[in-house]
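**Q** Pasting start_21.csv here (CSV, C-alpha atoms):
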chain,number,residue,atom,x,y,z
X,248,MET,CA,98.9,32.4,-16.3
X,249,ARG,CA,96.2,34.9,-15.4
X,250,ALA,CA,94.2,33.6,-18.4
X,251,PHE,CA,94.4,30.0,-17.2
X,252,GLY,CA,93.2,31.2,-13.8
X,253,GLY,CA,90.2,32.9,-15.3
X,254,ALA,CA,89.4,29.9,-17.5
X,255,VAL,CA,89.4,27.6,-14.5
X,256,ILE,CA,87.3,29.9,-12.3
X,257,PHE,CA,84.7,30.6,-14.9
X,258,ALA,CA,84.5,27.0,-16.2
X,259,PHE,CA,84.6,24.8,-13.1
X,260,PRO,CA,80.9,25.0,-12.2
X,261,LEU,CA,80.2,23.6,-15.6
X,262,LEU,CA,83.1,21.2,-15.6
X,263,MET,CA,81.4,19.6,-12.5
X,264,THR,CA,78.0,19.4,-14.1
X,265,MET,CA,77.1,16.0,-15.4
X,266,GLU,CA,74.6,17.3,-18.0
X,267,MET,CA,77.6,19.1,-19.6
X,268,TRP,CA,79.5,15.8,-19.9
X,269,TRP,CA,76.4,14.2,-21.6
X,270,LEU,CA,76.1,17.1,-24.0
X,271,GLY,CA,79.4,16.0,-25.4
X,272,PHE,CA,77.8,13.0,-27.0
X,273,TYR,CA,74.3,14.0,-27.8
X,274,ILE,CA,74.7,17.6,-29.0
X,275,ASP,CA,74.1,18.0,-32.7
X,276,PRO,CA,77.5,18.4,-34.4
X,277,LEU,CA,76.3,21.2,-36.7
X,278,ARG,CA,74.8,23.2,-33.8
X,279,LEU,CA,78.0,22.7,-31.8
X,280,LEU,CA,80.0,24.1,-34.8
X,281,VAL,CA,77.7,27.1,-35.1
X,282,PHE,CA,78.0,27.7,-31.3
X,283,LEU,CA,81.8,27.5,-31.4
X,284,ALA,CA,82.0,29.9,-34.3
X,285,LEU,CA,79.7,32.3,-32.4
X,286,ASN,CA,82.0,31.9,-29.3
X,287,LEU,CA,84.9,33.0,-31.4
X,288,ALA,CA,83.0,36.1,-32.6
X,289,ILE,CA,82.1,36.9,-28.9
X,290,LEU,CA,85.7,36.4,-27.8
X,291,PHE,CA,86.8,38.7,-30.6
X,292,GLY,CA,84.3,41.4,-29.5
X,293,LEU,CA,85.3,41.0,-25.8
X,294,SER,CA,88.9,41.4,-26.9
X,295,CYS,CA,88.1,44.8,-28.1
X,296,PHE,CA,86.8,45.8,-24.7
X,297,ALA,CA,88.8,43.6,-22.2
X,298,GLY,CA,91.5,41.7,-24.1
X,299,PHE,CA,94.8,40.6,-22.8
X,300,ARG,CA,96.5,43.7,-24.1
X,301,GLU,CA,95.5,47.3,-24.8
X,302,THR,CA,94.8,46.8,-28.4
X,303,PHE,CA,92.3,47.7,-30.9
X,304,HIS,CA,93.7,46.3,-34.1
X,305,LEU,CA,92.0,43.7,-36.1
X,306,LYS,CA,94.9,41.4,-36.1
X,307,GLU,CA,95.8,41.7,-32.5
X,308,ASP,CA,92.2,41.2,-31.3
X,309,ALA,CA,91.8,38.2,-33.5
X,310,LEU,CA,95.0,36.8,-32.1
X,311,ASP,CA,93.7,37.5,-28.5
X,312,ALA,CA,90.5,35.7,-29.3
X,313,PHE,CA,92.3,32.6,-30.6
X,314,ALA,CA,94.7,32.7,-27.6
X,315,ALA,CA,91.8,32.8,-25.2
X,316,TYR,CA,90.1,30.0,-27.1
X,317,GLY,CA,93.3,27.9,-26.9
X,318,VAL,CA,93.7,28.5,-23.2
X,319,GLY,CA,90.0,27.6,-22.7
X,320,THR,CA,90.4,24.3,-24.6
X,321,ILE,CA,93.6,23.3,-22.9
X,322,SER,CA,92.3,24.0,-19.4
X,323,SER,CA,89.0,22.1,-20.1
X,324,ALA,CA,91.0,19.1,-21.5
X,325,VAL,CA,93.3,19.0,-18.5
X,326,LEU,CA,90.5,19.4,-15.9
X,327,LEU,CA,88.2,16.8,-17.6
X,328,THR,CA,91.1,14.4,-17.7
X,329,LEU,CA,91.9,15.1,-14.1
X,330,PHE,CA,88.3,14.4,-13.0
X,331,GLY,CA,88.4,11.1,-14.9
X,332,ILE,CA,85.5,12.3,-17.1
X,333,ILE,CA,87.5,11.7,-20.3
X,334,THR,CA,89.6,8.6,-20.7
X,335,TRP,CA,91.6,7.2,-23.5
X,336,ASP,CA,89.2,4.3,-24.3
X,337,MET,CA,86.4,6.8,-25.3
X,338,PRO,CA,85.7,7.4,-29.0
X,339,PRO,CA,87.5,10.5,-30.2
X,340,GLY,CA,84.3,12.2,-31.2
X,341,GLU,CA,83.0,12.0,-27.7
X,342,ILE,CA,86.2,13.4,-26.2
X,343,ALA,CA,86.3,16.2,-28.7
X,344,GLY,CA,82.6,17.0,-28.1
X,345,LYS,CA,83.1,17.1,-24.3
X,346,ILE,CA,86.1,19.4,-24.5
X,347,ALA,CA,84.5,21.6,-27.2
X,348,VAL,CA,81.4,22.3,-25.1
X,349,GLN,CA,83.5,23.1,-22.0
X,350,SER,CA,85.9,25.3,-23.8
X,351,VAL,CA,83.2,27.9,-24.4
X,352,PRO,CA,82.9,29.1,-20.7
X,353,ALA,CA,86.6,28.5,-20.1
X,354,SER,CA,87.6,30.7,-23.0
X,355,ILE,CA,85.3,33.5,-22.0
X,356,GLY,CA,86.8,33.2,-18.5
X,357,ALA,CA,90.3,33.5,-20.0
X,358,MET,CA,89.3,36.6,-21.8
X,359,ALA,CA,87.5,38.2,-18.9
X,360,ALA,CA,90.4,37.4,-16.5
X,361,ARG,CA,92.3,40.4,-17.6
X,362,SER,CA,89.6,42.8,-16.6
X,363,GLN,CA,88.5,40.9,-13.5
X,364,LEU,CA,91.7,39.8,-11.9
X,365,GLY,CA,94.0,42.2,-13.7
X,366,ASP,CA,95.4,45.4,-12.4
X,367,ASN,CA,93.7,47.6,-14.9
X,368,GLU,CA,95.0,51.1,-14.9
X,369,ASP,CA,92.2,52.4,-17.0
X,370,ASP,CA,89.0,51.0,-15.6
X,371,GLU,CA,86.8,51.5,-18.5
X,372,LYS,CA,87.9,52.0,-22.0
X,373,GLY,CA,84.9,54.3,-22.5
X,374,THR,CA,84.6,54.2,-26.3
X,375,GLU,CA,82.0,51.5,-26.5
X,376,GLY,CA,79.0,53.6,-27.5
X,377,TYR,CA,75.6,52.1,-27.8
X,378,ALA,CA,76.5,49.2,-30.1
X,379,GLY,CA,79.2,48.2,-27.6
X,380,GLN,CA,76.8,48.3,-24.7
X,381,LEU,CA,74.4,46.0,-26.6
X,382,PHE,CA,77.3,43.7,-27.4
X,383,LEU,CA,78.4,43.5,-23.8
X,384,MET,CA,74.8,42.7,-22.8
X,385,LEU,CA,74.7,39.9,-25.4
X,386,ALA,CA,78.0,38.4,-24.1
X,387,GLY,CA,76.8,38.6,-20.5
X,388,ALA,CA,73.5,37.0,-21.3
X,389,LEU,CA,75.1,34.3,-23.3
X,390,PHE,CA,77.5,33.4,-20.5
X,391,LEU,CA,75.0,33.3,-17.7
X,392,ALA,CA,72.4,31.5,-19.8
X,393,PHE,CA,75.0,28.9,-20.9
X,394,ASN,CA,75.9,28.3,-17.2
X,395,VAL,CA,72.4,27.1,-16.3
X,396,ALA,CA,70.9,26.0,-19.6
X,397,PRO,CA,72.4,22.5,-19.7
X,398,THR,CA,70.9,21.5,-16.3
X,399,GLU,CA,67.7,19.5,-16.1
X,400,GLU,CA,66.3,21.9,-13.6
X,401,MET,CA,65.6,24.5,-16.3
X,402,ILE,CA,63.1,22.1,-17.9
X,403,VAL,CA,61.7,21.0,-14.6
X,404,ILE,CA,61.1,24.6,-13.5
X,405,SER,CA,59.2,25.4,-16.7
X,406,PHE,CA,57.0,22.3,-16.1
X,407,LEU,CA,56.3,23.3,-12.5
X,408,MET,CA,55.3,26.9,-13.4
X,409,THR,CA,51.8,27.8,-14.5
X,410,PRO,CA,51.4,30.3,-17.2
X,411,TRP,CA,50.7,32.9,-14.5
X,412,HIS,CA,54.1,32.2,-12.9
X,413,GLY,CA,55.6,32.7,-16.4
X,414,LEU,CA,54.0,36.1,-16.9
X,415,ALA,CA,55.2,37.2,-13.5
X,416,LEU,CA,58.7,36.0,-14.2
X,417,VAL,CA,58.9,38.0,-17.5
X,418,VAL,CA,57.8,41.1,-15.6
X,419,VAL,CA,60.2,40.5,-12.7
X,420,SER,CA,63.2,39.8,-15.1
X,421,LEU,CA,62.5,43.1,-16.9
X,422,LEU,CA,62.3,45.0,-13.7
X,423,VAL,CA,65.5,43.5,-12.3
X,424,LEU,CA,67.3,44.3,-15.5
X,425,HIS,CA,66.0,47.9,-15.4
X,426,ALA,CA,67.0,48.3,-11.8
X,427,PHE,CA,70.5,47.3,-12.7
X,428,VAL,CA,70.7,49.5,-15.7
X,429,TYR,CA,69.2,52.5,-13.8
X,430,SER,CA,71.4,52.2,-10.8
X,431,LEU,CA,74.4,52.0,-13.0
X,432,ASP,CA,73.3,55.1,-14.8
X,433,PHE,CA,72.4,56.9,-11.6
X,434,SER,CA,75.5,56.2,-9.6
X,435,GLY,CA,77.5,57.5,-12.6
X,436,GLN,CA,79.8,54.5,-12.5
X,437,GLU,CA,79.4,54.4,-16.2
X,438,GLU,CA,77.9,57.2,-18.2
X,439,LEU,CA,75.2,55.9,-20.5
X,440,PRO,CA,75.4,57.3,-23.9
X,441,GLY,CA,72.3,59.4,-24.5
X,442,ASP,CA,70.7,62.1,-22.5
X,443,GLY,CA,69.2,59.9,-19.9
X,444,GLY,CA,65.5,60.4,-19.4
X,445,PHE,CA,63.5,57.5,-17.8
X,446,TRP,CA,61.7,56.2,-20.9
X,447,ARG,CA,64.7,56.5,-23.1
X,448,THR,CA,66.8,54.4,-20.6
X,449,PHE,CA,63.9,52.0,-20.2
X,450,PHE,CA,63.4,51.3,-23.9
X,451,GLY,CA,66.9,51.9,-25.2
X,452,TYR,CA,68.6,49.7,-22.5
X,453,SER,CA,66.2,47.6,-20.5
X,454,ILE,CA,63.7,46.6,-23.2
X,455,ALA,CA,66.5,46.2,-25.8
X,456,GLY,CA,68.5,44.2,-23.2
X,457,TYR,CA,65.6,41.9,-22.4
X,458,GLY,CA,65.1,41.4,-26.1
X,459,ILE,CA,68.7,40.3,-26.3
X,460,ALA,CA,68.3,38.1,-23.3
X,461,LEU,CA,65.2,36.4,-24.8
X,462,LEU,CA,67.0,35.8,-28.1
X,463,VAL,CA,70.1,34.4,-26.4
X,464,SER,CA,67.9,32.1,-24.3
X,465,LEU,CA,66.1,30.8,-27.3
X,466,TYR,CA,69.4,30.2,-29.1
X,467,VAL,CA,71.1,28.4,-26.2
X,468,LEU,CA,68.0,26.2,-25.7
X,469,TRP,CA,68.1,25.3,-29.4
X,470,THR,CA,71.8,24.6,-29.3
X,471,PHE,CA,71.3,22.1,-26.5
X,472,GLY,CA,68.4,20.5,-28.3
X,473,ARG,CA,66.0,21.4,-25.5
X,474,LEU,CA,63.4,22.7,-28.0
X,475,ASP,CA,63.1,19.7,-30.2
X,476,GLY,CA,59.5,18.5,-30.5
X,477,LEU,CA,58.2,21.1,-28.1
X,478,GLY,CA,55.0,23.1,-28.6
X,479,VAL,CA,55.0,26.9,-28.9
X,480,GLY,CA,53.6,27.4,-25.4
X,481,GLN,CA,56.3,25.2,-23.8
X,482,ILE,CA,59.0,27.0,-25.8
X,483,ALA,CA,57.7,30.4,-24.5
X,484,MET,CA,57.8,29.1,-20.9
X,485,MET,CA,61.3,27.7,-21.2
X,486,THR,CA,62.5,30.9,-22.7
X,487,ALA,CA,60.9,32.9,-19.9
X,488,VAL,CA,62.7,30.7,-17.4
X,489,LEU,CA,66.1,31.0,-19.0
X,490,GLY,CA,65.4,34.6,-19.8
X,491,PHE,CA,65.8,35.4,-16.1
X,492,PRO,CA,69.4,34.4,-15.7
X,493,SER,CA,70.1,35.9,-19.2
X,494,ALA,CA,68.6,39.2,-18.1
X,495,LEU,CA,70.8,39.2,-15.0
X,496,GLY,CA,73.8,38.4,-17.2
X,497,ALA,CA,73.0,41.2,-19.5
X,498,ALA,CA,72.7,43.6,-16.6
X,499,LEU,CA,75.9,42.5,-14.9
X,500,ALA,CA,78.0,42.3,-18.0
X,501,ARG,CA,78.8,46.0,-18.0
X,502,LEU,CA,80.0,45.7,-14.4
X,503,VAL,CA,82.1,42.6,-15.0
X,504,VAL,CA,83.8,43.2,-18.3
I,120,MET,CA,89.6,53.3,-36.1
I,121,GLU,CA,91.7,55.0,-33.4
I,122,HIS,CA,91.1,53.5,-29.9
I,123,GLN,CA,91.1,56.4,-27.5
I,124,HIS,CA,88.6,58.2,-25.4
I,125,VAL,CA,87.4,61.5,-26.9
I,126,PRO,CA,84.9,62.7,-24.3
I,127,GLY,CA,83.3,65.7,-26.1
I,128,ARG,CA,82.7,64.3,-29.5
I,129,GLN,CA,80.8,61.2,-28.6
I,130,ASP,CA,78.5,62.8,-26.1
I,131,LYS,CA,77.6,65.7,-28.3
I,132,ARG,CA,76.6,63.5,-31.2
I,133,GLN,CA,74.4,61.3,-29.1
I,134,ASP,CA,72.7,64.0,-27.2
I,135,SER,CA,71.3,65.6,-30.3
I,136,ARG,CA,69.2,62.8,-31.6
I,137,THR,CA,68.2,59.3,-30.8
I,138,PRO,CA,70.5,57.1,-32.9
I,139,ILE,CA,68.8,54.8,-35.4
I,140,LEU,CA,70.4,51.8,-33.8
I,141,GLU,CA,68.8,52.6,-30.5
I,142,TRP,CA,65.4,52.7,-32.2
I,143,ILE,CA,65.9,49.4,-33.9
I,144,ALA,CA,67.2,47.7,-30.7
I,145,ALA,CA,64.4,49.0,-28.6
I,146,ALA,CA,61.8,48.0,-31.2
I,147,ILE,CA,63.1,44.5,-31.5
I,148,GLY,CA,63.2,44.2,-27.7
I,149,LEU,CA,59.7,45.5,-27.3
I,150,LEU,CA,58.4,43.1,-30.0
I,151,LEU,CA,60.0,40.1,-28.4
I,152,THR,CA,58.8,41.0,-24.9
I,153,LEU,CA,55.3,41.6,-26.1
I,154,ALA,CA,55.4,38.3,-28.0
I,155,MET,CA,56.5,36.5,-24.9
I,156,LEU,CA,53.7,38.0,-22.8
I,157,GLY,CA,51.3,37.3,-25.6
I,158,PHE,CA,52.2,33.6,-26.0
I,159,ILE,CA,52.1,33.0,-22.2
I,160,SER,CA,48.9,34.9,-21.7
I,161,TRP,CA,47.3,32.9,-24.5
I,162,GLN,CA,48.4,29.7,-22.7
I,163,ALA,CA,47.1,31.0,-19.4
I,164,TRP,CA,43.8,31.8,-21.1
I,165,ARG,CA,43.4,28.4,-22.7
I,166,SER,CA,44.5,26.2,-19.8
I,167,THR,CA,42.4,25.6,-16.7
I,168,GLY,CA,45.4,24.2,-14.8
I,169,GLU,CA,43.3,21.1,-14.1
I,170,GLU,CA,44.1,19.1,-17.2
I,171,LEU,CA,45.8,15.7,-17.1
I,172,PRO,CA,48.3,14.5,-19.7
I,173,ALA,CA,46.8,12.8,-22.8
I,174,ILE,CA,49.5,10.8,-24.5
I,175,LYS,CA,49.1,9.2,-27.8
I,176,VAL,CA,51.8,6.8,-29.0
I,177,GLN,CA,52.6,6.3,-32.7
I,178,VAL,CA,55.0,4.1,-34.5
I,179,GLN,CA,57.4,6.1,-36.6
I,180,ARG,CA,59.6,3.5,-38.3
I,181,ILE,CA,60.9,0.0,-37.9
I,182,VAL,CA,64.6,-0.5,-38.5
I,183,PRO,CA,66.8,-3.7,-38.2
I,184,ALA,CA,69.1,-3.2,-35.2
I,185,ALA,CA,72.1,-5.1,-33.8
I,186,ASP,CA,70.2,-8.0,-32.3
I,187,GLY,CA,66.8,-7.8,-33.9
I,188,TRP,CA,64.7,-4.7,-34.7
I,189,VAL,CA,64.1,-1.3,-33.2
I,190,VAL,CA,60.8,0.4,-33.4
I,191,GLU,CA,61.0,4.2,-33.2
I,192,ILE,CA,58.0,5.6,-31.4
I,193,ALA,CA,56.7,9.2,-31.0
I,194,ALA,CA,54.7,10.1,-27.9
I,195,LEU,CA,52.4,13.0,-28.6
I,196,ASN,CA,50.9,14.8,-25.7
I,197,LEU,CA,47.6,16.3,-26.7
I,198,SER,CA,46.9,18.1,-23.5
I,199,ALA,CA,48.7,21.2,-22.0
I,200,ALA,CA,49.8,19.2,-18.9
I,201,THR,CA,53.2,17.7,-18.8
I,202,GLY,CA,53.8,14.1,-18.0
I,203,ALA,CA,57.0,12.9,-16.4
I,204,ALA,CA,58.4,9.3,-16.4
I,205,VAL,CA,56.0,8.3,-19.1
I,206,GLN,CA,56.0,4.5,-19.5
I,207,ILE,CA,55.4,3.2,-23.0
I,208,GLU,CA,54.8,-0.5,-23.8
I,209,GLY,CA,54.9,-2.2,-27.2
I,210,GLU,CA,53.3,-5.7,-27.7
I,211,LEU,CA,53.8,-8.0,-30.6
I,212,LYS,CA,50.8,-10.2,-31.1
I,213,GLN,CA,50.1,-13.2,-33.2
I,214,GLY,CA,46.3,-13.4,-33.2
I,215,GLU,CA,45.4,-13.4,-29.5
I,216,ARG,CA,48.8,-14.6,-28.3
I,217,VAL,CA,51.4,-12.0,-27.1
I,218,VAL,CA,54.7,-12.9,-28.7
I,219,ALA,CA,56.9,-10.3,-27.1
I,220,THR,CA,56.6,-7.1,-25.1
I,221,SER,CA,59.1,-4.2,-24.7
I,222,GLN,CA,59.0,-1.1,-22.5
I,223,VAL,CA,60.6,2.3,-22.4
I,224,THR,CA,60.3,5.2,-20.0
I,225,LEU,CA,60.5,8.8,-21.4
I,226,ASP,CA,61.7,11.3,-18.8
I,227,TYR,CA,59.3,14.0,-19.9
I,228,VAL,CA,56.5,14.4,-22.4
I,229,PRO,CA,55.8,18.2,-22.2
I,230,GLY,CA,52.3,19.5,-22.9
I,231,ASN,CA,51.3,19.9,-26.6
I,232,SER,CA,54.7,18.4,-27.5
I,233,GLU,CA,56.3,15.3,-29.0
I,234,GLN,CA,59.0,13.1,-27.6
I,235,ARG,CA,60.7,10.2,-29.3
I,236,GLY,CA,62.1,6.9,-28.1
I,237,GLY,CA,62.7,3.4,-29.3
I,238,LEU,CA,61.6,-0.2,-28.4
I,239,PHE,CA,63.8,-3.2,-29.1
I,240,PHE,CA,62.4,-6.5,-30.3
I,241,ARG,CA,64.1,-9.8,-31.0
I,242,GLU,CA,61.3,-10.8,-33.5
I,243,ASP,CA,60.5,-8.9,-36.6
I,244,PRO,CA,57.6,-6.5,-35.7
I,245,ARG,CA,56.5,-6.4,-39.3
I,246,ALA,CA,55.6,-10.1,-39.2
I,247,HIS,CA,53.3,-9.5,-36.3
I,248,VAL,CA,50.6,-7.1,-35.1
I,249,LEU,CA,52.4,-4.3,-33.2
I,250,GLU,CA,50.4,-2.4,-30.5
I,251,VAL,CA,52.0,0.5,-28.6
I,252,ARG,CA,50.4,2.5,-25.8
I,253,ALA,CA,51.3,4.7,-22.8
I,254,LEU,CA,51.0,2.9,-19.5
I,255,GLY,CA,51.2,5.7,-17.1
I,256,TYR,CA,53.0,8.9,-16.0
I,257,ALA,CA,54.2,10.8,-12.9
I,258,LYS,CA,53.4,14.4,-12.1
I,259,PRO,CA,56.6,16.4,-12.7
How would this structure read if it were set down as structure tokens?
**A**
Amino acid sequence: MRAFGGAVIFAFPLLMTMEMWWLGFYIDPLRLLVFLALNLAILFGLSCFAGFRETFHLKEDALDAFAAYGVGTISSAVLLTLFGIITWDMPPGEIAGKIAVQSVPASIGAMAARSQLGDNEDDEKGTEGYAGQLFLMLAGALFLAFNVAPTEEMIVISFLMTPWHGLALVVVSLLVLHAFVYSLDFSGQEELPGDGGFWRTFFGYSIAGYGIALLVSLYVLWTFGRLDGLGVGQIAMMTAVLGFPSALGAALARLVV
Amino acid sequence: MEHQHVPGRQDKRQDSRTPILEWIAAAIGLLLTLAMLGFISWQAWRSTGEELPAIKVQVQRIVPAADGWVVEIAALNLSAATGAAVQIEGELKQGERVVATSQVTLDYVPGNSEQRGGLFFREDPRAHVLEVRALGYAKP
């Protein structure tokens, strides 16, 4: 039940975004498949940190990942039907596409529900290490980037900005990300692995995190077909725009999950 | 792989030396960040901010469609400025006489980029002279 709640809360902003409905019929099937596979991998990873149960066994975590995916798919299907966005006279390919796209945020919500809404006795599992931190940043960046990437505003913003705005945005994204990383480190909410030190935190977490955010942005834009036919300069600008929410997601992931 | 928190062990190991993974992650991140700054600076250097869109329309292919033919067109923006609501017109001519016209509006043709669309014709475009051009654009 909690998983369904999480799925609905995480997914409903996207369920009510029309660009997301359109994606269902224009997204390249191969890219969608790659994306769904990646989503399963992310769910599996999240399961290790914030799954339904206190587990760290290959089989259990895989089961959790599939369960979250199932919950995400079912809740997306139900809500899309409820909103009248999918109807029986649509071709099956379109229905499947629409549900598949929406199931991604819904399943992440289902997985995160345990740590967000749950009564977690042990707040942090604490055994993540550096690789785990990077993974959490990746998951956070992917989730937030995915939330805004389908909207047309992303493209429009990148057209409105001059290159100077773009440069400023890159710097601001990096600073915001570092501020989050640093304050987390400072308040001791979560001990960063490593001996601290400003530059080490900056390069090891903020720069690495921003790199992840940029890669994720590029990947999400490619998945949604936003980069097709674009020149290199436009791709860089669009990545910078989406890099901002991605960086925020990367920074917040360690708080949320 | 036992899943439990062992406070001492992990901290000690990571205090001693910067792990190789951290080096790799930081290097990749630095590379990507610098690449982004580089690309965008290069753009800032090249563009004056005063350019106007320069859109060239090319015919890609002509394919029979349900009720006639479809001409796939590619709009190539040669300038750095983006054009929105770009109107494209195709005319079929027989000598001086215009046999048919068709129009399409592309939402965006970003700077230095290519966008595709299609024009439908009742008549076979290959049997006539086909002229395509951009009519106008709006500032995004």
**Q** When you count only C-alpha atoms, which of these residues is closest to Val255 in chain X: X:Trp268, X:Gly472, X:Val318, X:Ala312?
**A**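 The answer is X:Val318, which sits nearest to Val255 in chain X.
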**Q** Just how far from CA of Lys306 in chain X is CA of Ala324 in chain X, in Å to one decimal?
**A**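 CA of Lys306 in chain X lies 26.9 Å from CA of Ala324 in chain X.
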**Q** How far is it from CA of Leu465 in chain X to CA of Glu170 in chain I, in Å with one decimal?
**A** 26.9 Å
**Q** At a cut-off of 9 Å, using all atoms listed in the file, what residues contact Thr470 in chain X? Leave out same-chain residues fewer than 6 positions from it and give the result as number ranges by chain.
**A** X: 274-275, 278-279, 281-282
**Q** Let me make sure I understand: among X:Met408, X:Leu293, X:Leu477, X:Leu422, which one has the smallest atom-to-atom distance to Leu197 in chain I if we use all atoms listed in the file?
**A**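 With all atoms listed in the file as the atom set, the closest residue is X:Leu477.
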**Q** Using all atoms listed in the file, tabulate the residues of chain X lying at most 9 Å from any atom of chain I, each with its closest atom pair and that distance in Å to one decimal, by chain and increasing residue number, as CSV.
**A**
residue,atom,partner,partner_atom,distance
X:Thr302,CA,I:His122,CA,7.8
X:Phe303,CA,I:His122,CA,6.0
X:His304,CA,I:Met120,CA,8.4
X:Lys372,CA,I:His124,CA,7.1
X:Gly373,CA,I:His124,CA,6.1
X:Thr374,CA,I:His124,CA,5.7
X:Gly376,CA,I:Gln129,CA,7.9
X:Tyr377,CA,I:Glu141,CA,7.3
X:Ala378,CA,I:Leu140,CA,7.6
X:Leu381,CA,I:Ala144,CA,8.5
X:Val403,CA,I:Pro259,CA,7.1
X:Phe406,CA,I:Thr201,CA,6.5
X:Leu407,CA,I:Pro259,CA,6.9
X:Thr409,CA,I:Gly168,CA,7.3
X:Pro410,CA,I:Ala163,CA,4.9
X:Trp411,CA,I:Ala163,CA,6.4
X:Gly413,CA,I:Ile159,CA,6.8
X:Leu414,CA,I:Leu156,CA,6.2
X:Val417,CA,I:Leu156,CA,7.4
X:Val418,CA,I:Leu156,CA,8.8
X:Pro440,CA,I:Gln133,CA,6.6
X:Gly441,CA,I:Asp134,CA,5.3
X:Asp442,CA,I:Asp134,CA,5.4
X:Arg447,CA,I:Thr137,CA,8.9
X:Phe449,CA,I:Ala145,CA,8.9
X:Phe450,CA,I:Ala145,CA,5.3
X:Gly451,CA,I:Ala145,CA,5.1
X:Tyr452,CA,I:Ala145,CA,7.4
X:Ser453,CA,I:Ala145,CA,8.4
X:Ile454,CA,I:Gly148,CA,5.1
X:Ala455,CA,I:Gly148,CA,4.3
X:Gly456,CA,I:Gly148,CA,7.0
X:Tyr457,CA,I:Gly148,CA,6.3
X:Gly458,CA,I:Gly148,CA,3.7
X:Ile459,CA,I:Gly148,CA,6.9
X:Leu461,CA,I:Leu151,CA,7.3
X:Leu462,CA,I:Leu151,CA,8.2
X:Asp475,CA,I:Glu233,CA,8.2
X:Gly476,CA,I:Glu233,CA,4.8
X:Leu477,CA,I:Ser232,CA,4.5
X:Gly478,CA,I:Ser232,CA,4.8
X:Val479,CA,I:Phe158,CA,7.8
X:Gly480,CA,I:Gln162,CA,6.3
X:Gln481,CA,I:Gly230,CA,7.0
X:Ala483,CA,I:Met155,CA,6.2
X:Met484,CA,I:Ile159,CA,7.0
X:Thr486,CA,I:Met155,CA,8.5
X:Ala487,CA,I:Met155,CA,7.6
**Q** X:Val463, X:Ile321, X:Met248, X:Val488: which is nearest Ala347 in chain X, counting all atoms listed in the file?
**A** X:Ile321
